[in-house]
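K.L.:
Enclosed is the structure file input.csv (CSV, C-alpha atoms).
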chain,number,residue,atom,x,y,z
A,216,MET,CA,-15.3,6.1,-9.2
A,217,LEU,CA,-17.4,7.4,-6.4
A,218,SER,CA,-17.9,11.1,-6.1
A,219,GLU,CA,-17.0,11.1,-2.4
A,220,PRO,CA,-13.4,10.1,-1.4
A,221,LEU,CA,-13.1,7.0,0.8
A,222,VAL,CA,-10.0,8.6,2.5
A,223,LYS,CA,-9.7,12.3,3.3
A,224,MET,CA,-6.6,13.8,4.8
A,225,ARG,CA,-7.0,17.5,5.6
A,226,ASN,CA,-4.4,20.1,6.6
A,227,ILE,CA,-1.9,17.4,7.7
A,228,SER,CA,1.2,18.8,9.2
A,229,LYS,CA,4.0,17.0,11.0
A,230,ARG,CA,6.9,18.5,12.9
A,231,PHE,CA,9.9,16.6,14.3
A,232,GLY,CA,11.4,19.1,16.8
A,233,GLY,CA,12.2,22.2,14.7
A,234,VAL,CA,11.9,20.4,11.4
A,235,THR,CA,8.6,20.6,9.5
A,236,ALA,CA,8.2,17.4,7.4
A,237,LEU,CA,4.7,18.2,6.2
A,238,SER,CA,2.8,21.4,6.1
A,239,GLY,CA,-1.0,21.7,5.4
A,240,VAL,CA,-1.3,18.6,3.1
A,241,ASP,CA,-4.6,17.5,1.7
A,242,LEU,CA,-5.1,14.1,0.2
A,243,ASP,CA,-8.1,12.3,-1.3
A,244,ALA,CA,-8.2,8.6,-2.2
A,245,TYR,CA,-11.2,6.9,-3.7
A,246,ALA,CA,-12.5,3.3,-3.5
A,247,GLY,CA,-11.6,1.4,-6.7
A,248,GLU,CA,-8.8,3.7,-7.8
A,249,VAL,CA,-5.0,3.7,-7.7
A,250,LEU,CA,-3.6,7.0,-6.3
A,251,ALA,CA,0.1,7.4,-6.8
A,252,ILE,CA,2.2,9.6,-4.5
A,253,VAL,CA,5.4,10.8,-6.1
A,254,GLY,CA,8.1,13.3,-5.2
A,255,ASP,CA,11.8,13.7,-4.6
A,256,ASN,CA,13.5,12.2,-1.5
A,257,GLY,CA,12.5,14.4,1.5
A,258,ALA,CA,9.3,15.6,-0.1
A,259,GLY,CA,7.2,14.1,2.7
A,260,LYS,CA,5.8,11.0,0.9
A,261,SER,CA,6.8,8.5,3.6
A,262,THR,CA,5.8,10.8,6.5
A,263,LEU,CA,2.4,11.3,4.9
A,264,ILE,CA,1.9,7.6,4.5
A,265,LYS,CA,3.1,6.7,8.0
A,266,ILE,CA,0.5,9.1,9.3
A,267,LEU,CA,-2.2,7.4,7.2
A,268,THR,CA,-1.1,4.0,8.5
A,269,GLY,CA,-1.0,5.0,12.2
A,270,VAL,CA,2.8,4.9,12.5
A,271,TYR,CA,3.0,8.6,13.2
A,272,GLN,CA,0.4,11.0,14.6
A,273,PRO,CA,0.0,14.3,12.8
A,274,SER,CA,1.0,17.5,14.6
A,275,GLU,CA,-2.1,19.0,13.0
A,276,GLY,CA,-4.9,17.9,10.7
A,277,GLU,CA,-7.6,15.3,10.4
A,278,ILE,CA,-8.1,12.0,8.6
A,279,THR,CA,-11.5,10.5,7.8
A,280,LEU,CA,-12.3,7.1,6.4
A,281,GLY,CA,-15.8,6.7,4.9
A,282,GLY,CA,-16.8,9.8,6.7
A,283,GLU,CA,-15.6,8.6,10.1
A,284,THR,CA,-12.8,10.6,11.8
A,285,LEU,CA,-9.9,8.4,12.6
A,286,GLU,CA,-7.9,8.5,15.8
A,287,MET,CA,-4.9,6.2,15.6
A,288,THR,CA,-2.0,5.7,17.9
A,289,ASN,CA,-0.2,2.9,16.1
A,290,HIS,CA,-0.3,0.7,13.0
A,291,SER,CA,-2.5,-1.9,14.7
A,292,ASP,CA,-5.2,0.8,15.0
A,293,ALA,CA,-5.0,1.5,11.3
A,294,ILE,CA,-5.4,-2.2,10.4
A,295,ALA,CA,-8.4,-2.4,12.7
A,296,LYS,CA,-9.9,0.5,10.8
A,297,GLY,CA,-9.3,-1.1,7.4
A,298,ILE,CA,-5.9,0.5,6.4
A,299,ASP,CA,-2.8,-1.6,5.8
A,300,ALA,CA,0.5,-1.3,4.0
A,301,VAL,CA,2.9,-3.5,2.1
A,302,TYR,CA,6.3,-2.0,2.5
A,303,GLN,CA,9.3,-2.3,0.3
A,304,THR,CA,10.9,-4.8,2.7
A,305,LEU,CA,7.7,-7.0,2.5
A,306,ALA,CA,8.3,-8.1,6.1
A,307,LEU,CA,8.4,-11.8,5.1
A,308,ALA,CA,10.2,-14.6,7.0
A,309,ASP,CA,12.3,-16.0,4.1
A,310,HIS,CA,12.9,-19.4,5.7
A,311,LEU,CA,9.1,-20.1,6.0
A,312,ASP,CA,6.8,-21.3,3.3
A,313,PRO,CA,4.1,-19.0,1.8
A,314,ALA,CA,1.3,-20.3,4.1
A,315,ALA,CA,3.4,-19.7,7.2
A,316,ASN,CA,4.1,-16.2,6.1
A,317,MET,CA,0.5,-15.5,5.3
A,318,PHE,CA,-0.6,-16.4,8.8
A,319,LEU,CA,2.5,-15.3,10.7
A,320,GLY,CA,1.3,-14.1,14.1
A,321,ASN,CA,-2.3,-15.1,13.3
A,322,GLU,CA,-1.9,-18.9,12.9
A,323,LEU,CA,-5.0,-21.0,12.5
A,324,THR,CA,-5.5,-23.8,15.0
A,325,LYS,CA,-7.6,-26.9,15.5
A,326,SER,CA,-8.3,-28.8,18.6
A,327,PHE,CA,-7.2,-32.5,19.1
A,328,PHE,CA,-8.6,-33.9,22.4
A,329,GLY,CA,-8.7,-30.4,23.8
A,330,ILE,CA,-5.1,-29.7,22.7
A,331,PRO,CA,-4.7,-26.7,20.2
A,332,LEU,CA,-2.6,-27.6,17.2
A,333,LEU,CA,-1.6,-25.7,14.1
A,334,ASP,CA,-4.0,-26.3,11.3
A,335,ASN,CA,-1.4,-26.4,8.6
A,336,LYS,CA,-3.8,-27.9,6.0
A,337,LYS,CA,-6.3,-25.1,6.3
A,338,MET,CA,-3.6,-22.4,6.3
A,339,ARG,CA,-2.2,-23.9,3.1
A,340,SER,CA,-5.6,-24.1,1.4
A,341,GLU,CA,-6.6,-20.6,2.5
A,342,THR,CA,-3.3,-19.2,1.2
A,343,GLU,CA,-3.8,-21.0,-2.2
A,344,ARG,CA,-7.4,-19.7,-2.3
A,345,VAL,CA,-6.6,-16.1,-1.6
A,346,LEU,CA,-3.6,-16.0,-3.9
A,347,PHE,CA,-5.7,-17.4,-6.8
A,348,GLU,CA,-9.1,-15.8,-6.1
A,349,ARG,CA,-7.9,-12.4,-5.1
A,350,LEU,CA,-4.7,-12.0,-7.1
A,351,GLY,CA,-4.9,-14.6,-9.9
A,352,VAL,CA,-1.6,-16.2,-8.7
A,353,LYS,CA,-0.9,-19.9,-8.5
A,354,LEU,CA,2.5,-20.9,-7.0
A,355,ARG,CA,4.3,-24.0,-8.4
A,356,SER,CA,5.0,-25.2,-4.9
A,357,MET,CA,3.5,-24.3,-1.5
A,358,ASP,CA,6.3,-26.1,0.3
A,359,ALA,CA,9.2,-24.0,-0.9
A,360,ALA,CA,10.8,-21.4,1.4
A,361,THR,CA,9.6,-17.9,0.5
A,362,GLU,CA,13.2,-16.9,-0.2
A,363,SER,CA,13.1,-19.2,-3.3
A,364,LEU,CA,10.2,-17.4,-4.8
A,365,SER,CA,10.5,-14.7,-7.5
A,366,GLY,CA,10.2,-11.0,-6.6
A,367,GLY,CA,6.7,-10.9,-8.0
A,368,GLN,CA,5.6,-14.0,-6.1
A,369,ARG,CA,7.0,-12.6,-2.9
A,370,GLN,CA,5.0,-9.5,-3.5
A,371,ALA,CA,1.9,-11.6,-4.1
A,372,VAL,CA,2.4,-13.4,-0.7
A,373,ALA,CA,2.8,-10.0,1.1
A,374,ILE,CA,-0.3,-8.6,-0.6
A,375,ALA,CA,-2.4,-11.7,0.0
A,376,ARG,CA,-1.6,-11.4,3.7
A,377,ALA,CA,-2.9,-7.8,3.7
A,378,VAL,CA,-6.1,-8.4,1.7
A,379,TYR,CA,-6.9,-11.5,3.8
A,380,THR,CA,-7.6,-9.1,6.7
A,381,GLU,CA,-11.3,-8.8,7.2
A,382,GLY,CA,-12.5,-5.3,6.5
A,383,LEU,CA,-9.5,-4.0,4.5
A,384,ARG,CA,-10.5,-0.9,2.6
A,385,VAL,CA,-7.2,0.9,1.9
A,386,LEU,CA,-3.9,-0.7,0.8
A,387,VAL,CA,-0.7,1.3,0.7
A,388,MET,CA,2.1,-0.1,-1.4
A,389,ASP,CA,5.6,1.4,-0.9
A,390,GLU,CA,7.9,1.1,-3.9
A,391,PRO,CA,6.5,-2.4,-4.9
A,392,THR,CA,8.6,-2.6,-8.1
A,393,ALA,CA,11.9,-1.5,-6.6
A,394,ALA,CA,14.8,-3.8,-7.6
A,395,LEU,CA,12.5,-5.9,-9.8
A,396,GLY,CA,13.2,-6.8,-13.4
A,397,PRO,CA,10.8,-5.9,-16.3
A,398,GLN,CA,8.9,-9.2,-16.2
A,399,GLU,CA,8.5,-9.2,-12.4
A,400,THR,CA,7.5,-5.5,-12.5
A,401,ALA,CA,4.8,-6.3,-15.0
A,402,ARG,CA,3.5,-9.1,-12.8
A,403,THR,CA,3.5,-6.8,-9.7
A,404,LEU,CA,1.6,-4.1,-11.6
A,405,LYS,CA,-1.1,-6.7,-12.5
A,406,LEU,CA,-1.4,-7.5,-8.8
A,407,ILE,CA,-2.0,-3.8,-8.1
A,408,GLU,CA,-4.7,-3.8,-10.8
A,409,ALA,CA,-6.3,-6.9,-9.2
A,410,VAL,CA,-6.5,-5.3,-5.8
A,411,LYS,CA,-8.0,-2.1,-7.3
A,412,ALA,CA,-10.6,-4.2,-9.2
A,413,GLN,CA,-11.9,-5.5,-5.8
A,414,GLY,CA,-13.0,-2.0,-4.9
A,415,LEU,CA,-10.1,-1.1,-2.5
A,416,ALA,CA,-8.4,2.3,-2.5
A,417,VAL,CA,-4.8,1.6,-3.5
A,418,ILE,CA,-2.2,4.2,-2.6
A,419,LEU,CA,1.1,3.6,-4.6
A,420,ILE,CA,4.4,5.2,-3.6
A,421,SER,CA,6.8,5.0,-6.5
A,422,HIS,CA,9.8,6.6,-8.1
A,423,SER,CA,9.0,5.1,-11.4
A,424,LEU,CA,6.7,7.3,-13.5
A,425,ASP,CA,6.5,4.6,-16.1
A,426,ASP,CA,4.9,2.3,-13.5
A,427,VAL,CA,2.7,5.2,-12.2
A,428,PHE,CA,1.3,6.0,-15.6
A,429,GLN,CA,0.6,2.4,-16.3
A,430,VAL,CA,-1.6,1.7,-13.2
A,431,ALA,CA,-2.5,4.9,-11.4
A,432,ASP,CA,-5.7,6.9,-12.0
A,433,ARG,CA,-4.4,10.0,-10.3
A,434,VAL,CA,-1.0,11.3,-9.1
A,435,HIS,CA,-0.5,13.3,-5.9
A,436,VAL,CA,2.8,15.2,-6.1
A,437,GLN,CA,4.7,16.0,-2.9
A,438,ARG,CA,7.3,18.8,-2.9
A,439,ARG,CA,9.1,20.2,0.1
A,440,GLY,CA,6.5,18.9,2.5
A,441,GLN,CA,3.5,20.2,0.7
A,442,CYS,CA,1.2,19.0,-2.1
A,443,ALA,CA,2.4,20.5,-5.3
A,444,GLY,CA,-0.6,19.3,-7.3
A,445,VAL,CA,-2.8,16.4,-8.2
A,446,VAL,CA,-3.3,15.3,-11.8
A,447,LYS,CA,-5.2,12.6,-13.7
A,448,THR,CA,-2.9,10.3,-15.6
A,449,SER,CA,-5.5,10.2,-18.5
A,450,GLU,CA,-5.2,14.0,-18.8
A,451,SER,CA,-1.5,14.6,-18.2
A,452,SER,CA,2.0,13.4,-19.1
A,453,GLN,CA,5.1,12.3,-17.3
A,454,GLN,CA,6.6,15.7,-18.2
A,455,ASP,CA,3.7,17.5,-16.4
A,456,VAL,CA,4.4,15.4,-13.3
A,457,LEU,CA,8.1,16.0,-13.4
A,458,GLY,CA,7.4,19.7,-13.7
A,459,LEU,CA,5.4,19.6,-10.4
A,460,ILE,CA,8.1,17.4,-8.7
A,461,VAL,CA,10.9,19.9,-9.5
A,462,GLY,CA,8.8,23.1,-9.3
A,463,ALA,CA,9.2,24.0,-12.9
A,464,GLU,CA,6.6,26.8,-12.6
A,465,GLU,CA,8.5,28.4,-9.7
A,466,ALA,CA,11.7,28.2,-11.7
A,467,ALA,CA,10.2,29.7,-14.8
Could you show the structure in this file as structure tokens?

P.N.:
Amino acid sequence: MLSEPLVKMRNISKRFGGVTALSGVDLDAYAGEVLAIVGDNGAGKSTLIKILTGVYQPSEGEITLGGETLEMTNHSDAIAKGIDAVYQTLALADHLDPAANMFLGNELTKSFFGIPLLDNKKMRSETERVLFERLGVKLRSMDAATESLSGGQRQAVAIARAVYTEGLRVLVMDEPTAALGPQETARTLKLIEAVKAQGLAVILISHSLDDVFQVADRVHVQRRGQCAGVVKTSESSQQDVLGLIVGAEEAA
């Protein structure tokens, strides 16, 4: 792990009218690591991530990526800077095949007598390549509708779409194992490890501490809109993290 964080969020605050969702939050994420963000509902996890991915703008604070201060007004700005997210909904068009989903909105074309046509063959081969080379996944059929794929395979398509973006440096994953069975959860955690191995900073939001302790290097705990602490999984236990989530020290 590098000594200098790839992502630095400093003194991040966010107010919605009279409601303070975040107050003075710092976050560091390193290239080649998985940073988990945990906390109860309403702790500010989603707000913090939406600020990092350009969906929200902070009321106060600064974000830097590789030492460069980021000014983002929308999610497209974040993608252009190298930050993307795979949300729990996956944003896949279920009736389309994997290749069509991979290039949805960014279709590859070829020219035939000056007429632009979809290059379905190249989109299919590129999808197969990215799935296998970047994620170690080989689908049985590239012709099947995405809705017929397993939960883990659907995750793979969504992740492949994100990592195919040139210049991607940070990938946020929002509850990637929610509603998955044990086998599909294990496959999805392997996908996360594959992305980490490519030197990206992976930020994982999860309610499952079992999953967190299996793949995360560090855990950032949110509580009541503030950072309650950051721990290394190799030096702490799930009980330690639970204590930070519920504020055990305050209650003692």

K.L.:
With all atoms listed in the file counted and 12 Å as the cut-off, give the residues of stretch 227-332 of chain A in contact with stretch 424-447 of chain A, each with its shortest interatomic distance in Å and the pair that gives it, as a tab-separated table.

P.N.:
residue	atom	partner	partner_atom	distance
A:Ile227	CA	A:Gln441	CA	9.3
A:Ser228	CA	A:Gly440	CA	8.5
A:Lys229	CA	A:Gly440	CA	9.1
A:Arg230	CA	A:Gly440	CA	10.4
A:Val234	CA	A:Gly440	CA	10.5
A:Thr235	CA	A:Gly440	CA	7.5
A:Ala236	CA	A:Gly440	CA	5.4
A:Leu237	CA	A:Gly440	CA	4.2
A:Ser238	CA	A:Gln441	CA	5.6
A:Gly239	CA	A:Gln441	CA	6.7
A:Val240	CA	A:Gln441	CA	5.6
A:Asp241	CA	A:Cys442	CA	7.1
A:Leu242	CA	A:His435	CA	7.7
A:Asp243	CA	A:His435	CA	8.9
A:Ala244	CA	A:Arg433	CA	9.1
A:Tyr245	CA	A:Asp432	CA	10.0
A:Ala246	CA	A:Asp432	CA	11.5
A:Gly247	CA	A:Asp432	CA	9.7
A:Glu248	CA	A:Asp432	CA	6.1
A:Val249	CA	A:Ala431	CA	4.6
A:Leu250	CA	A:Arg433	CA	5.1
A:Ala251	CA	A:Val434	CA	4.7
A:Ile252	CA	A:His435	CA	4.8
A:Val253	CA	A:Val436	CA	5.1
A:Gly254	CA	A:Gln437	CA	4.9
A:Asp255	CA	A:Arg438	CA	7.0
A:Asn256	CA	A:Arg438	CA	9.2
A:Gly257	CA	A:Arg439	CA	6.9
A:Ala258	CA	A:Arg439	CA	4.6
A:Gly259	CA	A:Gly440	CA	4.9
A:Lys260	CA	A:Gln437	CA	6.4
A:Ser261	CA	A:Gln437	CA	10.1
A:Thr262	CA	A:Gly440	CA	9.1
A:Leu263	CA	A:Gly440	CA	9.0
A:Ile264	CA	A:Gln437	CA	11.5

K.L.:
Nearest to A:Asn335: which of A:Leu267, A:Val352, A:Leu319, A:Leu221 is it, counting all atoms listed in the file?

P.N.:
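Checking each candidate against A:Asn335, we get A:Leu319 as the closest.
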
K.L.:
Kindly provide, as a list in words, the polymer residues lying within 6 Å of (-8.6, -9.7, -7.0), counting only C-alpha atoms and using the coordinates exactly as they appear in the file.

P.N.:
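The residues near that point, listed by chain and number, are Arg349, Leu350, Ala409, Val410 and Gln413 of chain A.
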
K.L.:
Output C-alpha atoms for every residue in the selection just made, as a compact mmCIF listing (two decimals), keeping the file's coordinate frame.

P.N.:
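Written file, result26.txt:
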# COMPACT_ATOMS: atom_id res chain seq x y z
CA ARG A 349 -7.90 -12.40 -5.10
CA LEU A 350 -4.70 -12.00 -7.10
CA ALA A 409 -6.30 -6.90 -9.20
CA VAL A 410 -6.50 -5.30 -5.80
CA GLN A 413 -11.90 -5.50 -5.80

K.L.:
Hey, can you check how far atom CA of A:Ile420 sits from atom CA of A:Glu341?

P.N.:
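Rounded to one decimal, the two atoms are 28.7 Å apart.
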
K.L.:
As an exercise, work out the distance from atom CA of A:Ser274 to atom CA of A:Pro220 in Å and give it to one decimal place.

P.N.:
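Atom-to-atom, atom CA of A:Ser274 to atom CA of A:Pro220, that is 22.8 Å.
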
K.L.:
Can you tell me which residues surround A:Thr361 at a distance of at most 6 Å, considering only C-alpha atoms, apart from same-chain residues fewer than 4 positions away, and format the answer as an MDAnalysis selection string?

P.N.:
chainID A and resid 309 311:313

K.L.:
Quick one, how far is atom CA of A:Leu406 from atom CA of A:Thr448?

P.N.:
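Those two atoms sit 19.1 Å apart.
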
K.L.:
What's around A:Glu390 at 8 Å? Count all atoms listed in the file, leave out sequence neighbours fewer than 5 positions away in its own chain, and write the answer as a PyMOL selection string.

P.N.:
chain A and resi 302-303+419-422

K.L.:
Between A:Ala463, A:Ala375, A:Ile294, A:Leu305, single out the one closest to A:Ala393, counting only C-alpha atoms.

P.N.:
A:Leu305

K.L.:
Which one is closest to A:Ile298: A:Arg369, A:Lys265, A:Arg344, A:Lys337? Count only C-alpha atoms.

P.N.:
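Distance minimum relative to A:Ile298 lands on A:Lys265.
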
K.L.:
Measuring atom to atom with all atoms listed in the file, identify which of A:Gly458, A:Glu286, A:Gly281, A:Ser423 is nearest to A:Ile266.

P.N.:
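Once distances to A:Ile266 are computed over all atoms listed in the file, the minimum belongs to A:Glu286.
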
K.L.:
Report as an mmCIF file with C-alpha atoms, keeping the file's coordinate frame all protein, DNA and RNA residues lying within 12 Å of A:Gly297, evaluated on only C-alpha atoms, omitting residues in the same chain fewer than 6 positions from it.

P.N.:
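The new file out.cif reads:
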data_model
loop_
_atom_site.group_PDB
_atom_site.id
_atom_site.type_symbol
_atom_site.label_atom_id
_atom_site.label_comp_id
_atom_site.auth_asym_id
_atom_site.auth_seq_id
_atom_site.Cartn_x
_atom_site.Cartn_y
_atom_site.Cartn_z
ATOM 1 C CA LEU A 221 -13.100 7.000 0.800
ATOM 2 C CA VAL A 222 -10.000 8.600 2.500
ATOM 3 C CA LEU A 267 -2.200 7.400 7.200
ATOM 4 C CA THR A 268 -1.100 4.000 8.500
ATOM 5 C CA GLY A 269 -1.000 5.000 12.200
ATOM 6 C CA THR A 279 -11.500 10.500 7.800
ATOM 7 C CA LEU A 280 -12.300 7.100 6.400
ATOM 8 C CA GLY A 281 -15.800 6.700 4.900
ATOM 9 C CA GLU A 283 -15.600 8.600 10.100
ATOM 10 C CA LEU A 285 -9.900 8.400 12.600
ATOM 11 C CA MET A 287 -4.900 6.200 15.600
ATOM 12 C CA HIS A 290 -0.300 0.700 13.000
ATOM 13 C CA SER A 291 -2.500 -1.900 14.700
ATOM 14 C CA ALA A 377 -2.900 -7.800 3.700
ATOM 15 C CA VAL A 378 -6.100 -8.400 1.700
ATOM 16 C CA TYR A 379 -6.900 -11.500 3.800
ATOM 17 C CA THR A 380 -7.600 -9.100 6.700
ATOM 18 C CA GLU A 381 -11.300 -8.800 7.200
ATOM 19 C CA GLY A 382 -12.500 -5.300 6.500
ATOM 20 C CA LEU A 383 -9.500 -4.000 4.500
ATOM 21 C CA ARG A 384 -10.500 -0.900 2.600
ATOM 22 C CA VAL A 385 -7.200 0.900 1.900
ATOM 23 C CA LEU A 386 -3.900 -0.700 0.800
ATOM 24 C CA VAL A 387 -0.700 1.300 0.700
ATOM 25 C CA LEU A 415 -10.100 -1.100 -2.500
ATOM 26 C CA ALA A 416 -8.400 2.300 -2.500
#

K.L.:
Set the distance at 12 Å and use only C-alpha atoms: which residues neighbour A:Ala315 once local chain neighbours fewer than 4 positions away are removed? I'd like the list as a VMD selection string.

P.N.:
chain A and resid 307 to 311 319 to 323 333 to 343 357 to 361 372 to 373 376

K.L.:
Within 10 Å of A:Ser365, counting only C-alpha atoms, which residues show up once you throw out same-chain ones fewer than 5 positions away? Write them as a list of chain:residue names, please.

P.N.:
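So, after excluding close chain neighbours, the residues are A:Gln370, A:Ala371, A:Leu395, A:Glu399.
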
K.L.:
Between A:Glu362, A:Gly462, A:Ile418, A:Lys411, which residue has the minimum interatomic distance to A:Ala306, considering all atoms listed in the file?

P.N.:
A:Glu362

K.L.:
Could you pull stretch 228-241 of chain A out of the structure just shown and give C-alpha atoms as a JSON list (two decimals), in the first residue's frame?

P.N.:
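Saved as result-v8.json:
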[["chain", "number", "residue", "atom", "x", "y", "z"],
["A", 228, "SER", "CA", -19.92, 18.50, 5.80],
["A", 229, "LYS", "CA", -23.32, 18.35, 4.15],
["A", 230, "ARG", "CA", -26.48, 20.10, 5.18],
["A", 231, "PHE", "CA", -29.93, 19.66, 3.70],
["A", 232, "GLY", "CA", -31.83, 22.71, 4.92],
["A", 233, "GLY", "CA", -31.69, 22.53, 8.71],
["A", 234, "VAL", "CA", -30.55, 18.90, 8.77],
["A", 235, "THR", "CA", -26.84, 18.14, 9.05],
["A", 236, "ALA", "CA", -26.14, 14.81, 7.32],
["A", 237, "LEU", "CA", -22.34, 15.00, 7.61],
["A", 238, "SER", "CA", -20.15, 17.01, 9.93],
["A", 239, "GLY", "CA", -16.38, 17.37, 9.49],
["A", 240, "VAL", "CA", -15.70, 13.92, 8.02],
["A", 241, "ASP", "CA", -12.21, 12.89, 6.89]]
